[in-house]
Structure formats: C-alpha cells, structure tokens
file start_6.txt (compact mmCIF, N, CA and C atoms)
# COMPACT_ATOMS: atom_id res chain seq x y z
N MET A 1 27.57 20.66 -4.07
CA MET A 1 26.13 20.72 -3.99
C MET A 1 25.61 22.06 -4.47
N LEU A 2 26.32 23.12 -4.11
CA LEU A 2 25.90 24.46 -4.53
C LEU A 2 25.91 24.60 -6.04
N LYS A 3 26.88 23.95 -6.70
CA LYS A 3 26.94 24.00 -8.16
C LYS A 3 25.69 23.39 -8.78
N TRP A 4 25.21 22.29 -8.21
CA TRP A 4 24.01 21.63 -8.73
C TRP A 4 22.78 22.50 -8.53
N ILE A 5 22.70 23.17 -7.42
CA ILE A 5 21.56 24.04 -7.15
C ILE A 5 21.54 25.21 -8.12
N ILE A 6 22.70 25.82 -8.32
CA ILE A 6 22.79 26.95 -9.26
C ILE A 6 22.46 26.49 -10.68
N ALA A 7 22.96 25.32 -11.06
CA ALA A 7 22.66 24.79 -12.39
C ALA A 7 21.17 24.53 -12.54
N ALA A 8 20.53 23.99 -11.50
CA ALA A 8 19.10 23.72 -11.56
C ALA A 8 18.29 25.00 -11.66
N ILE A 9 18.73 26.03 -10.95
CA ILE A 9 18.02 27.31 -10.98
C ILE A 9 18.08 27.92 -12.38
N ILE A 10 19.13 27.65 -13.11
CA ILE A 10 19.27 28.20 -14.46
C ILE A 10 18.67 27.27 -15.51
N ILE A 11 18.95 25.98 -15.41
CA ILE A 11 18.58 25.04 -16.46
C ILE A 11 17.08 24.71 -16.45
N VAL A 12 16.51 24.44 -15.26
CA VAL A 12 15.10 24.03 -15.20
C VAL A 12 14.17 25.10 -15.78
N PRO A 13 14.28 26.37 -15.39
CA PRO A 13 13.39 27.37 -16.01
C PRO A 13 13.60 27.50 -17.52
N ALA A 14 14.84 27.34 -17.98
CA ALA A 14 15.09 27.42 -19.42
C ALA A 14 14.39 26.29 -20.16
N ILE A 15 14.46 25.08 -19.62
CA ILE A 15 13.78 23.94 -20.24
C ILE A 15 12.26 24.14 -20.20
N GLU A 16 11.75 24.63 -19.08
CA GLU A 16 10.32 24.87 -18.96
C GLU A 16 9.84 25.93 -19.96
N MET A 17 10.59 27.00 -20.11
CA MET A 17 10.21 28.04 -21.08
C MET A 17 10.20 27.47 -22.49
N TRP A 18 11.20 26.67 -22.82
CA TRP A 18 11.24 26.03 -24.13
C TRP A 18 10.00 25.17 -24.34
N GLY A 19 9.64 24.37 -23.32
CA GLY A 19 8.46 23.51 -23.42
C GLY A 19 7.18 24.30 -23.56
N ILE A 20 7.06 25.39 -22.81
CA ILE A 20 5.86 26.22 -22.90
C ILE A 20 5.75 26.85 -24.28
N ILE A 21 6.85 27.34 -24.80
CA ILE A 21 6.84 27.96 -26.14
C ILE A 21 6.49 26.93 -27.21
N LYS A 22 7.09 25.73 -27.12
CA LYS A 22 6.79 24.67 -28.08
C LYS A 22 5.32 24.28 -28.02
N MET A 23 4.79 24.11 -26.80
CA MET A 23 3.39 23.74 -26.64
C MET A 23 2.49 24.85 -27.14
N GLY A 24 2.89 26.11 -26.92
CA GLY A 24 2.11 27.23 -27.43
C GLY A 24 2.02 27.23 -28.94
N HIS A 25 3.10 26.82 -29.61
CA HIS A 25 3.08 26.73 -31.07
C HIS A 25 2.18 25.59 -31.55
N ILE A 26 2.10 24.53 -30.75
CA ILE A 26 1.33 23.36 -31.15
C ILE A 26 -0.17 23.55 -30.89
N ILE A 27 -0.54 23.96 -29.67
CA ILE A 27 -1.97 24.03 -29.33
C ILE A 27 -2.47 25.46 -29.15
N GLY A 28 -1.61 26.44 -29.21
CA GLY A 28 -2.03 27.83 -29.07
C GLY A 28 -1.71 28.38 -27.69
N GLY A 29 -1.58 29.69 -27.62
CA GLY A 29 -1.18 30.34 -26.39
C GLY A 29 -2.18 30.22 -25.26
N TRP A 30 -3.47 30.48 -25.56
CA TRP A 30 -4.48 30.43 -24.50
C TRP A 30 -4.70 29.00 -24.01
N SER A 31 -4.65 28.05 -24.92
CA SER A 31 -4.80 26.64 -24.52
C SER A 31 -3.63 26.22 -23.64
N THR A 32 -2.44 26.67 -23.98
CA THR A 32 -1.26 26.36 -23.17
C THR A 32 -1.40 26.97 -21.78
N PHE A 33 -1.83 28.22 -21.73
CA PHE A 33 -2.04 28.89 -20.44
C PHE A 33 -3.08 28.17 -19.61
N GLY A 34 -4.17 27.77 -20.23
CA GLY A 34 -5.23 27.03 -19.53
C GLY A 34 -4.73 25.68 -19.03
N LEU A 35 -3.94 25.00 -19.82
CA LEU A 35 -3.39 23.71 -19.42
C LEU A 35 -2.47 23.86 -18.22
N ILE A 36 -1.68 24.91 -18.21
CA ILE A 36 -0.78 25.17 -17.07
C ILE A 36 -1.60 25.43 -15.81
N LEU A 37 -2.68 26.21 -15.94
CA LEU A 37 -3.54 26.48 -14.78
C LEU A 37 -4.24 25.21 -14.29
N ILE A 38 -4.73 24.40 -15.20
CA ILE A 38 -5.43 23.17 -14.82
C ILE A 38 -4.48 22.22 -14.10
N THR A 39 -3.28 22.05 -14.62
CA THR A 39 -2.34 21.14 -13.96
C THR A 39 -1.96 21.67 -12.58
N GLY A 40 -1.88 22.97 -12.43
CA GLY A 40 -1.56 23.54 -11.12
C GLY A 40 -2.65 23.28 -10.11
N PHE A 41 -3.91 23.53 -10.50
CA PHE A 41 -5.04 23.32 -9.58
C PHE A 41 -5.26 21.84 -9.30
N ALA A 42 -5.22 21.02 -10.34
CA ALA A 42 -5.43 19.58 -10.14
C ALA A 42 -4.29 18.99 -9.30
N GLY A 43 -3.09 19.46 -9.53
CA GLY A 43 -1.95 18.98 -8.75
C GLY A 43 -2.05 19.37 -7.29
N ALA A 44 -2.55 20.56 -7.02
CA ALA A 44 -2.71 20.99 -5.64
C ALA A 44 -3.75 20.12 -4.92
N GLN A 45 -4.83 19.79 -5.61
CA GLN A 45 -5.85 18.93 -5.01
C GLN A 45 -5.32 17.52 -4.77
N LEU A 46 -4.60 16.98 -5.73
CA LEU A 46 -4.02 15.64 -5.58
C LEU A 46 -2.99 15.63 -4.46
N ALA A 47 -2.17 16.67 -4.38
CA ALA A 47 -1.16 16.76 -3.31
C ALA A 47 -1.85 16.85 -1.95
N ARG A 48 -2.93 17.58 -1.86
CA ARG A 48 -3.64 17.71 -0.59
C ARG A 48 -4.19 16.37 -0.13
N SER A 49 -4.85 15.65 -1.04
CA SER A 49 -5.45 14.37 -0.63
C SER A 49 -4.38 13.33 -0.32
N GLU A 50 -3.35 13.25 -1.14
CA GLU A 50 -2.27 12.29 -0.88
C GLU A 50 -1.48 12.67 0.36
N GLY A 51 -1.33 13.95 0.60
CA GLY A 51 -0.63 14.42 1.79
C GLY A 51 -1.36 14.04 3.06
N ARG A 52 -2.67 14.15 3.03
CA ARG A 52 -3.48 13.74 4.19
C ARG A 52 -3.31 12.25 4.47
N LYS A 53 -3.34 11.45 3.39
CA LYS A 53 -3.15 10.00 3.56
C LYS A 53 -1.79 9.69 4.16
N ALA A 54 -0.75 10.36 3.65
CA ALA A 54 0.60 10.11 4.15
C ALA A 54 0.72 10.54 5.62
N PHE A 55 0.13 11.66 5.97
CA PHE A 55 0.16 12.13 7.36
C PHE A 55 -0.54 11.14 8.28
N MET A 56 -1.68 10.62 7.85
CA MET A 56 -2.40 9.64 8.65
C MET A 56 -1.60 8.34 8.78
N ASP A 57 -0.91 7.94 7.72
CA ASP A 57 -0.05 6.74 7.79
C ASP A 57 1.08 6.92 8.79
N VAL A 58 1.72 8.09 8.77
CA VAL A 58 2.80 8.38 9.71
C VAL A 58 2.27 8.33 11.13
N GLN A 59 1.14 8.97 11.38
CA GLN A 59 0.55 8.96 12.72
C GLN A 59 0.20 7.55 13.18
N ALA A 60 -0.38 6.76 12.29
CA ALA A 60 -0.77 5.39 12.65
C ALA A 60 0.45 4.55 12.99
N GLN A 61 1.53 4.69 12.22
CA GLN A 61 2.73 3.91 12.49
C GLN A 61 3.39 4.34 13.78
N ILE A 62 3.42 5.62 14.05
CA ILE A 62 4.01 6.11 15.30
C ILE A 62 3.19 5.62 16.49
N GLN A 63 1.87 5.69 16.39
CA GLN A 63 1.01 5.26 17.49
C GLN A 63 1.11 3.76 17.75
N SER A 64 1.39 2.99 16.70
CA SER A 64 1.52 1.55 16.88
C SER A 64 2.95 1.15 17.29
N GLY A 65 3.84 2.13 17.41
CA GLY A 65 5.20 1.86 17.87
C GLY A 65 6.16 1.43 16.77
N ARG A 66 5.76 1.57 15.54
CA ARG A 66 6.63 1.21 14.42
C ARG A 66 7.30 2.47 13.86
N PRO A 67 8.52 2.35 13.34
CA PRO A 67 9.15 3.52 12.73
C PRO A 67 8.45 3.85 11.40
N PRO A 68 8.19 5.13 11.16
CA PRO A 68 7.43 5.53 9.97
C PRO A 68 8.30 5.81 8.75
N GLY A 69 9.28 4.95 8.49
CA GLY A 69 10.24 5.20 7.41
C GLY A 69 9.62 5.41 6.05
N HIS A 70 8.91 4.39 5.55
CA HIS A 70 8.32 4.50 4.21
C HIS A 70 7.24 5.57 4.16
N ALA A 71 6.49 5.70 5.22
CA ALA A 71 5.44 6.73 5.24
C ALA A 71 6.06 8.12 5.20
N MET A 72 7.20 8.32 5.87
CA MET A 72 7.88 9.62 5.83
C MET A 72 8.42 9.89 4.42
N LEU A 73 8.99 8.87 3.79
CA LEU A 73 9.49 9.06 2.42
C LEU A 73 8.33 9.34 1.46
N ASN A 74 7.18 8.70 1.68
CA ASN A 74 6.00 9.02 0.87
C ASN A 74 5.62 10.49 1.05
N GLY A 75 5.67 10.96 2.29
CA GLY A 75 5.35 12.36 2.57
C GLY A 75 6.32 13.31 1.88
N ILE A 76 7.59 12.96 1.87
CA ILE A 76 8.59 13.79 1.18
C ILE A 76 8.31 13.81 -0.32
N CYS A 77 8.00 12.64 -0.89
CA CYS A 77 7.66 12.58 -2.32
C CYS A 77 6.45 13.45 -2.63
N ILE A 78 5.44 13.40 -1.78
CA ILE A 78 4.23 14.19 -2.00
C ILE A 78 4.53 15.68 -1.89
N LEU A 79 5.33 16.06 -0.93
CA LEU A 79 5.70 17.47 -0.78
C LEU A 79 6.44 17.97 -2.02
N ILE A 80 7.44 17.22 -2.45
CA ILE A 80 8.22 17.63 -3.63
C ILE A 80 7.33 17.64 -4.87
N GLY A 81 6.47 16.61 -5.02
CA GLY A 81 5.57 16.56 -6.17
C GLY A 81 4.62 17.74 -6.20
N GLY A 82 4.08 18.10 -5.04
CA GLY A 82 3.19 19.26 -4.97
C GLY A 82 3.89 20.55 -5.33
N LEU A 83 5.11 20.71 -4.84
CA LEU A 83 5.88 21.92 -5.17
C LEU A 83 6.19 21.98 -6.67
N LEU A 84 6.54 20.84 -7.26
CA LEU A 84 6.83 20.83 -8.69
C LEU A 84 5.59 21.16 -9.52
N LEU A 85 4.42 20.72 -9.07
CA LEU A 85 3.20 21.02 -9.80
C LEU A 85 2.81 22.49 -9.71
N LEU A 86 3.24 23.16 -8.67
CA LEU A 86 2.94 24.58 -8.54
C LEU A 86 3.81 25.44 -9.46
N MET A 87 4.93 24.88 -9.90
CA MET A 87 5.80 25.61 -10.82
C MET A 87 5.18 25.57 -12.22
N PRO A 88 5.16 26.69 -12.93
CA PRO A 88 4.61 26.65 -14.29
C PRO A 88 5.54 25.90 -15.23
N GLY A 89 4.97 25.00 -15.99
CA GLY A 89 5.76 24.23 -16.94
C GLY A 89 5.24 22.82 -17.04
N PHE A 90 5.66 22.14 -18.08
CA PHE A 90 5.15 20.79 -18.33
C PHE A 90 6.08 19.70 -17.83
N PHE A 91 7.38 19.92 -17.90
CA PHE A 91 8.33 18.90 -17.47
C PHE A 91 8.29 18.71 -15.96
N THR A 92 8.22 19.80 -15.21
CA THR A 92 8.10 19.68 -13.75
C THR A 92 6.74 19.09 -13.38
N ASP A 93 5.71 19.36 -14.19
CA ASP A 93 4.39 18.78 -13.93
C ASP A 93 4.42 17.26 -14.10
N ILE A 94 5.11 16.79 -15.11
CA ILE A 94 5.20 15.34 -15.33
C ILE A 94 5.89 14.67 -14.15
N ILE A 95 6.99 15.22 -13.72
CA ILE A 95 7.71 14.65 -12.57
C ILE A 95 6.86 14.78 -11.31
N GLY A 96 6.21 15.93 -11.13
CA GLY A 96 5.37 16.14 -9.96
C GLY A 96 4.22 15.15 -9.88
N VAL A 97 3.56 14.89 -10.99
CA VAL A 97 2.45 13.94 -11.00
C VAL A 97 2.95 12.54 -10.67
N THR A 98 4.08 12.15 -11.23
CA THR A 98 4.60 10.81 -10.94
C THR A 98 5.02 10.68 -9.47
N LEU A 99 5.42 11.78 -8.85
CA LEU A 99 5.73 11.74 -7.42
C LEU A 99 4.46 11.61 -6.58
N LEU A 100 3.35 12.09 -7.06
CA LEU A 100 2.10 12.06 -6.31
C LEU A 100 1.32 10.77 -6.47
N LEU A 101 1.46 10.11 -7.59
CA LEU A 101 0.67 8.90 -7.84
C LEU A 101 1.20 7.73 -7.01
N PRO A 102 0.30 7.04 -6.31
CA PRO A 102 0.74 5.96 -5.42
C PRO A 102 1.46 4.81 -6.13
N PHE A 103 1.16 4.54 -7.40
CA PHE A 103 1.78 3.41 -8.08
C PHE A 103 3.13 3.76 -8.71
N THR A 104 3.49 5.04 -8.82
CA THR A 104 4.81 5.42 -9.31
C THR A 104 5.73 5.91 -8.18
N ARG A 105 5.15 6.22 -7.04
CA ARG A 105 5.93 6.73 -5.91
C ARG A 105 6.99 5.76 -5.39
N PRO A 106 6.77 4.44 -5.40
CA PRO A 106 7.82 3.53 -4.92
C PRO A 106 9.14 3.66 -5.66
N PHE A 107 9.10 4.02 -6.94
CA PHE A 107 10.34 4.24 -7.70
C PHE A 107 11.16 5.36 -7.08
N TYR A 108 10.52 6.48 -6.77
CA TYR A 108 11.22 7.60 -6.17
C TYR A 108 11.65 7.29 -4.74
N ARG A 109 10.82 6.53 -4.04
CA ARG A 109 11.17 6.13 -2.69
C ARG A 109 12.44 5.28 -2.70
N LEU A 110 12.56 4.37 -3.67
CA LEU A 110 13.75 3.55 -3.82
C LEU A 110 14.98 4.41 -4.12
N LEU A 111 14.81 5.41 -4.99
CA LEU A 111 15.92 6.31 -5.28
C LEU A 111 16.38 7.05 -4.02
N MET A 112 15.42 7.52 -3.23
CA MET A 112 15.78 8.23 -1.99
C MET A 112 16.47 7.31 -1.00
N LEU A 113 15.98 6.07 -0.89
CA LEU A 113 16.61 5.11 0.03
C LEU A 113 18.05 4.82 -0.39
N ARG A 114 18.27 4.63 -1.68
CA ARG A 114 19.64 4.39 -2.18
C ARG A 114 20.53 5.59 -1.92
N TRP A 115 20.00 6.80 -2.14
CA TRP A 115 20.79 8.01 -1.90
C TRP A 115 21.14 8.13 -0.41
N LEU A 116 20.16 7.91 0.45
CA LEU A 116 20.41 7.98 1.89
C LEU A 116 21.43 6.93 2.33
N GLU A 117 21.30 5.71 1.82
CA GLU A 117 22.24 4.65 2.16
C GLU A 117 23.66 5.00 1.73
N LYS A 118 23.79 5.55 0.53
CA LYS A 118 25.10 5.95 0.03
C LYS A 118 25.71 7.03 0.91
N LYS A 119 24.90 8.03 1.28
CA LYS A 119 25.38 9.12 2.14
C LYS A 119 25.78 8.61 3.52
N LEU A 120 25.01 7.69 4.07
CA LEU A 120 25.35 7.14 5.38
C LEU A 120 26.60 6.27 5.34
N ARG A 121 26.77 5.51 4.26
CA ARG A 121 27.95 4.63 4.14
C ARG A 121 29.25 5.41 3.99
N ASN A 122 29.23 6.49 3.20
CA ASN A 122 30.48 7.23 3.01
C ASN A 122 30.70 8.30 4.08
N GLY A 123 29.76 8.43 5.01
CA GLY A 123 29.94 9.31 6.15
C GLY A 123 29.62 10.77 5.90
N SER A 124 29.06 11.09 4.74
CA SER A 124 28.72 12.50 4.49
C SER A 124 27.38 12.89 5.11
N LEU A 125 26.64 11.92 5.61
CA LEU A 125 25.38 12.19 6.30
C LEU A 125 25.40 11.38 7.59
N THR A 126 25.25 12.04 8.69
CA THR A 126 25.24 11.33 9.97
C THR A 126 23.93 11.63 10.70
N ILE A 127 23.51 10.68 11.48
CA ILE A 127 22.30 10.84 12.29
C ILE A 127 22.73 10.91 13.74
N ARG A 128 22.36 11.97 14.40
CA ARG A 128 22.73 12.17 15.81
C ARG A 128 21.52 11.98 16.68
N ARG A 129 21.74 11.29 17.78
CA ARG A 129 20.67 11.12 18.76
C ARG A 129 20.94 12.05 19.93
N ARG A 130 19.90 12.55 20.48
CA ARG A 130 20.04 13.44 21.64
C ARG A 130 20.01 12.67 22.92
call {"tool": "encode", "arguments": {"input": "start_6.txt", "output": "structure tokens"}}
result
Amino acid sequence: MLKWIIAAIIIVPAIEMWGIIKMGHIIGGWSTFGLILITGFAGAQLARSEGRKAFMDVQAQIQSGRPPGHAMLNGICILIGGLLLLMPGFFTDIIGVTLLLPFTRPFYRLLMLRWLEKKLRNGSLTIRRR
C-alpha cells in the first residue's frame, strides 16, 4: 500500500503539471490560471451543497433505524471529490467533478463496495464490534 501512495505522490503531480502546461499552450497562461481558480471555487460550492445533502441523508437513515450504508459511501465520494477539486490541475478536477455529481456517483460507490467486499472476503479488512 505504501508503494502505491508514494507512486501517487510522484505521478499525480507530474501528470497535472503536464496537463497545466499543455492547456497553457492551448488557451494561454492567464486563461489556464483562471480556469484552475474557477474549477476550485465551483467545486468547493458543489462539494458543500452535496455534502449537506449526504449528511442529511445519513441523519435521516439513522433516525429511521436503517443502516446508512449508501449514504455514507456518498459522503465519502463527496469528500474525496471535494479534495480532488481543491488540488490544482485538470485531471483531478475531472475525477473530482464526477465524484460530486449525483448521476455519476453510483459508479464510484459500486467500485468502493466491490473493494470493501474483496477486503472483507480475503480477511485483510475486519470489522470489530465493541
């Protein structure tokens, strides 16, 4: 796992810098800078509104006595999407926006469910009750 984190810390910024430089050549430096700022601010607003909805869904499910599984996964998607949008770059912005949009979020939720199921089946992730 540590290898993947180190690789991501090196590879993701390199890809983002390449994308920013390419976009700067296409639309100009100031336009690229403005686009990065706009996506950051718009992403923060979208993350805030979607985060509130997800929080309210979790609260409603808990109050009604139902487990908030999908609502919690939606919240995780929104958190990750918001963080990705705060990073400067276009590739992380694309992934961040798709994590925030309600009609693309089920894809990521399915990926997380499959990952969790795999971890639980092979025993590398355990859930302990107190």
call {"tool": "atom_distance", "arguments": {"input": "start_6.txt", "atom1": "atom CA of A:Pro68", "atom2": "atom C of A:Ile94"}}
result
25.8 Å
call {"tool": "axis_aligned_box", "arguments": {"input": "start_6.txt", "around": "stretch 2-10 of chain A", "padding_each_side": "5 Å", "output": "lines of an AutoDock Vina configuration file"}}
result
center_x = 22.5
center_y = 24.9
center_z = -9.8
size_x = 18.9
size_y = 16.6
size_z = 21.4
call {"tool": "atom_distance", "arguments": {"input": "start_6.txt", "atom1": "atom N of A:Gly43", "atom2": "atom C of A:Ala7"}}
result
25.0 Å
call {"tool": "atom_distance", "arguments": {"input": "start_6.txt", "atom1": "atom CA of A:Pro106", "atom2": "atom CA of A:Ala47"}}
result
16.1 Å
call {"tool": "closest_residue", "arguments": {"input": "start_6.txt", "among": "A:Leu99, A:Ala42, A:Ala60, A:Ile10", "to": "A:Asn74", "atoms": "all atoms listed in the file"}}
result
A:Leu99
call {"tool": "select_by_dssp", "arguments": {"input": "start_6.txt", "residues": "stretch 12-128 of chain A", "states": "helix (DSSP H, G or I)", "output": "MDAnalysis selection string"}}
result
chainID A and resid 12:27 29:63 69:86 91:100 105:122
call {"tool": "closest_residue", "arguments": {"input": "start_6.txt", "among": "A:Gly69, A:Gly40, A:Pro13, A:Gly28", "to": "A:Met112", "atoms": "only C-alpha atoms"}}
result
A:Gly69
call {"tool": "residues_around", "arguments": {"input": "start_6.txt", "residues": "A:Thr39", "least_positions_apart": "4", "cutoff": "9 Å", "atoms": "only C-alpha atoms", "output": "ChimeraX atom specification"}}
result
/A:34-35,43-44,85-86,88,90,93
call {"tool": "residues_around", "arguments": {"input": "start_6.txt", "residues": "A:Arg52", "least_positions_apart": "6", "cutoff": "10 Å", "atoms": "only C-alpha atoms", "output": "list in words"}}
result
Leu46, Val58, Gly75 and Ile78 of chain A
call {"tool": "closest_residue", "arguments": {"input": "start_6.txt", "among": "A:Ala71, A:Ile62, A:Ile5, A:Met87", "to": "A:Leu37", "atoms": "only C-alpha atoms"}}
result
A:Met87
call {"tool": "closest_residue", "arguments": {"input": "start_6.txt", "among": "A:Ile6, A:Ala54, A:Leu125, A:Ala14", "to": "A:Leu79", "atoms": "only C-alpha atoms"}}
result
A:Ala54
call {"tool": "closest_residue", "arguments": {"input": "start_6.txt", "among": "A:Met72, A:Cys77, A:Met23, A:Ile36", "to": "A:Leu100", "atoms": "only N, CA and C atoms"}}
result
A:Cys77
call {"tool": "residues_around", "arguments": {"input": "start_6.txt", "residues": "A:Thr32", "least_positions_apart": "6", "cutoff": "8 Å", "atoms": "all atoms listed in the file", "output": "ChimeraX atom specification"}}
result
/A:20,23-26,38
call {"tool": "build_atoms", "arguments": {"input": "start_6.txt", "residues": "stretch 68-78 of chain A", "atoms": "all heavy atoms", "output": "PDB file, in the frame of the given file"}}
result
ATOM      1  N   PRO A  68       8.190   5.130  11.160  1.00  0.00           N
ATOM      2  CA  PRO A  68       7.430   5.530   9.970  1.00  0.00           C
ATOM      3  C   PRO A  68       8.300   5.810   8.750  1.00  0.00           C
ATOM      4  O   PRO A  68       8.108   6.787   8.040  1.00  0.00           O
ATOM      5  CB  PRO A  68       6.720   6.788  10.432  1.00  0.00           C
ATOM      6  CG  PRO A  68       7.681   7.396  11.393  1.00  0.00           C
ATOM      7  CD  PRO A  68       8.342   6.226  12.095  1.00  0.00           C
ATOM      8  N   GLY A  69       9.280   4.950   8.490  1.00  0.00           N
ATOM      9  CA  GLY A  69      10.240   5.200   7.410  1.00  0.00           C
ATOM     10  C   GLY A  69       9.620   5.410   6.050  1.00  0.00           C
ATOM     11  O   GLY A  69       9.781   6.450   5.419  1.00  0.00           O
ATOM     12  N   HIS A  70       8.910   4.390   5.550  1.00  0.00           N
ATOM     13  CA  HIS A  70       8.320   4.500   4.210  1.00  0.00           C
ATOM     14  C   HIS A  70       7.240   5.570   4.160  1.00  0.00           C
ATOM     15  O   HIS A  70       7.109   6.274   3.151  1.00  0.00           O
ATOM     16  CB  HIS A  70       7.741   3.154   3.760  1.00  0.00           C
ATOM     17  CG  HIS A  70       8.781   2.161   3.353  1.00  0.00           C
ATOM     18  ND1 HIS A  70       9.491   2.278   2.188  1.00  0.00           N
ATOM     19  CD2 HIS A  70       9.253   1.054   3.967  1.00  0.00           C
ATOM     20  CE1 HIS A  70      10.352   1.284   2.091  1.00  0.00           C
ATOM     21  NE2 HIS A  70      10.226   0.528   3.167  1.00  0.00           N
ATOM     22  N   ALA A  71       6.490   5.700   5.220  1.00  0.00           N
ATOM     23  CA  ALA A  71       5.440   6.730   5.240  1.00  0.00           C
ATOM     24  C   ALA A  71       6.060   8.120   5.200  1.00  0.00           C
ATOM     25  O   ALA A  71       5.519   9.030   4.549  1.00  0.00           O
ATOM     26  CB  ALA A  71       4.574   6.570   6.483  1.00  0.00           C
ATOM     27  N   MET A  72       7.200   8.320   5.870  1.00  0.00           N
ATOM     28  CA  MET A  72       7.880   9.620   5.830  1.00  0.00           C
ATOM     29  C   MET A  72       8.420   9.890   4.420  1.00  0.00           C
ATOM     30  O   MET A  72       8.321  11.016   3.929  1.00  0.00           O
ATOM     31  CB  MET A  72       9.023   9.659   6.839  1.00  0.00           C
ATOM     32  CG  MET A  72       8.567   9.636   8.281  1.00  0.00           C
ATOM     33  SD  MET A  72       7.761  11.151   8.762  1.00  0.00           S
ATOM     34  CE  MET A  72       9.165  12.202   8.956  1.00  0.00           C
ATOM     35  N   LEU A  73       8.990   8.870   3.790  1.00  0.00           N
ATOM     36  CA  LEU A  73       9.490   9.060   2.420  1.00  0.00           C
ATOM     37  C   LEU A  73       8.330   9.340   1.460  1.00  0.00           C
ATOM     38  O   LEU A  73       8.483  10.139   0.524  1.00  0.00           O
ATOM     39  CB  LEU A  73      10.280   7.834   1.965  1.00  0.00           C
ATOM     40  CG  LEU A  73      11.625   7.631   2.661  1.00  0.00           C
ATOM     41  CD1 LEU A  73      12.275   6.342   2.188  1.00  0.00           C
ATOM     42  CD2 LEU A  73      12.549   8.813   2.440  1.00  0.00           C
ATOM     43  N   ASN A  74       7.180   8.700   1.680  1.00  0.00           N
ATOM     44  CA  ASN A  74       6.000   9.020   0.870  1.00  0.00           C
ATOM     45  C   ASN A  74       5.620  10.490   1.050  1.00  0.00           C
ATOM     46  O   ASN A  74       5.300  11.184   0.086  1.00  0.00           O
ATOM     47  CB  ASN A  74       4.815   8.147   1.267  1.00  0.00           C
ATOM     48  CG  ASN A  74       4.847   6.804   0.591  1.00  0.00           C
ATOM     49  OD1 ASN A  74       5.469   6.627  -0.442  1.00  0.00           O
ATOM     50  ND2 ASN A  74       4.174   5.848   1.198  1.00  0.00           N
ATOM     51  N   GLY A  75       5.670  10.960   2.290  1.00  0.00           N
ATOM     52  CA  GLY A  75       5.350  12.360   2.570  1.00  0.00           C
ATOM     53  C   GLY A  75       6.320  13.310   1.880  1.00  0.00           C
ATOM     54  O   GLY A  75       5.908  14.350   1.342  1.00  0.00           O
ATOM     55  N   ILE A  76       7.590  12.960   1.870  1.00  0.00           N
ATOM     56  CA  ILE A  76       8.590  13.790   1.180  1.00  0.00           C
ATOM     57  C   ILE A  76       8.310  13.810  -0.320  1.00  0.00           C
ATOM     58  O   ILE A  76       8.380  14.862  -0.956  1.00  0.00           O
ATOM     59  CB  ILE A  76      10.016  13.308   1.493  1.00  0.00           C
ATOM     60  CG1 ILE A  76      10.336  13.562   2.971  1.00  0.00           C
ATOM     61  CG2 ILE A  76      11.041  13.983   0.593  1.00  0.00           C
ATOM     62  CD1 ILE A  76      11.617  12.895   3.447  1.00  0.00           C
ATOM     63  N   CYS A  77       8.000  12.640  -0.890  1.00  0.00           N
ATOM     64  CA  CYS A  77       7.660  12.580  -2.320  1.00  0.00           C
ATOM     65  C   CYS A  77       6.450  13.450  -2.630  1.00  0.00           C
ATOM     66  O   CYS A  77       6.443  14.176  -3.635  1.00  0.00           O
ATOM     67  CB  CYS A  77       7.361  11.138  -2.728  1.00  0.00           C
ATOM     68  SG  CYS A  77       8.792  10.063  -2.855  1.00  0.00           S
ATOM     69  N   ILE A  78       5.440  13.400  -1.780  1.00  0.00           N
ATOM     70  CA  ILE A  78       4.230  14.190  -2.000  1.00  0.00           C
ATOM     71  C   ILE A  78       4.530  15.680  -1.890  1.00  0.00           C
ATOM     72  O   ILE A  78       4.054  16.479  -2.704  1.00  0.00           O
ATOM     73  CB  ILE A  78       3.131  13.747  -1.014  1.00  0.00           C
ATOM     74  CG1 ILE A  78       2.686  12.325  -1.350  1.00  0.00           C
ATOM     75  CG2 ILE A  78       1.959  14.712  -1.025  1.00  0.00           C
ATOM     76  CD1 ILE A  78       1.898  11.652  -0.268  1.00  0.00           C
TER      77      ILE A  78
END
